[in-house]
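Undergrad: A single structure is presented below for examination.
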Amino acid sequence: MNRVLKAPGADADKLRMHITVACHSCDLPKRPLAPCPSCNASALPEPELQAWRISLHARHLARIKQQPVAATTEPPSRRRTLTPMQAVVVLDVEPGPVAVEREQPASIIPLEPALSADEALSFDWDDEPRRLRKSA
């Protein structure tokens with residue numbers, strides 16, 4: 001059985017959002033840390049990561065600061081009535097004799113011990129005396 005820690009998802013190249021950086025040789029957009037697909041120029045990690053961070057920050061800052069737009073929803077077709085509802089439940093069970101209440105309810109805790117004191121198990125495991133037992 002092949003165990004996976006993370007559920008498989010879509011590849012990063014197939015997701016909707018792509019933050020790209022400009023290629024240092026041809027100025028066309030490309031993925032950071034990857035060779036340019038148009039001119040095959042190798043990636044420059046430090047400047048590309050810095051450009052990627054700046055563009056990612058600018059994109060999300062713009063989304064955070066934009067004016068909220070109210071969703072257009074259609075009004076409900078009819079107005080909800082606030083009158084109480086009534087439900088009738090019909091059971092297909094014949095009524096039996098009603099249980100008579102006892103004078104004393106059954107006790108949850110037994111009044112007598114389950115074992116006598118002579119039959120109870122001992123907790124002495126014949127350990128040599130020391131501060132902590134081996135089994136502790």
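Just so we're on the same page: first chain in the structure tokens is A, next is B, and so on; residues restart at 1 for each chain, and ligands are numbered from 1 in the order they show up.
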With a cut-off of 7 Å, could you pull out the residues of range 43-111 of chain A touching range 19-29 of chain A and give me the nearest pair of atoms for each, distance in Å to one decimal, using only C-alpha atoms, ordered by chain and ascending number, as a tab-separated table?
TA:
```
residue	atom	partner	partner_atom	distance
A:Glu48	CA	A:Val21	CA	6.5
A:Ala51	CA	A:Val21	CA	6.3
A:Trp52	CA	A:Val21	CA	6.1
A:Leu56	CA	A:Ile19	CA	6.5
```
Undergrad: What does the structure give for the distance between CA of Leu44 in chain A and CA of Arg59 in chain A, in Å to one decimal?
TA: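 Interatomic distance, CA of Leu44 in chain A to CA of Arg59 in chain A: 22.2 Å.
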Undergrad: In Å, with one decimal, what is the gap from CA of Ile108 in chain A to CA of Gly96 in chain A?
TA: 26.7 Å
Undergrad: Could you please write out, as a ChimeraX atom specification, every residue of range 18-119 of chain A that DSSP assigns to helix (DSSP H, G or I)?
TA: /A:45-65
Undergrad: By how many Å are CA of Glu46 in chain A and CA of Ile64 in chain A apart?
TA: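 Taking CA of Glu46 in chain A as the start and CA of Ile64 in chain A as the end point, the length is 26.9 Å.
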Undergrad: List every residue of range 16-130 of chain A that DSSP, applied to the backbone, labels as strand (DSSP E), and write the result as a PyMOL selection string.
TA: chain A and resi 21-22+29-30
Undergrad: With only C-alpha atoms as the counted atoms, please give the residues lying no more than 6 Å from Ala34 in chain A, apart from itself and same-chain residues fewer than 2 positions off, as a ChimeraX atom specification.
TA: /A:31-32,43
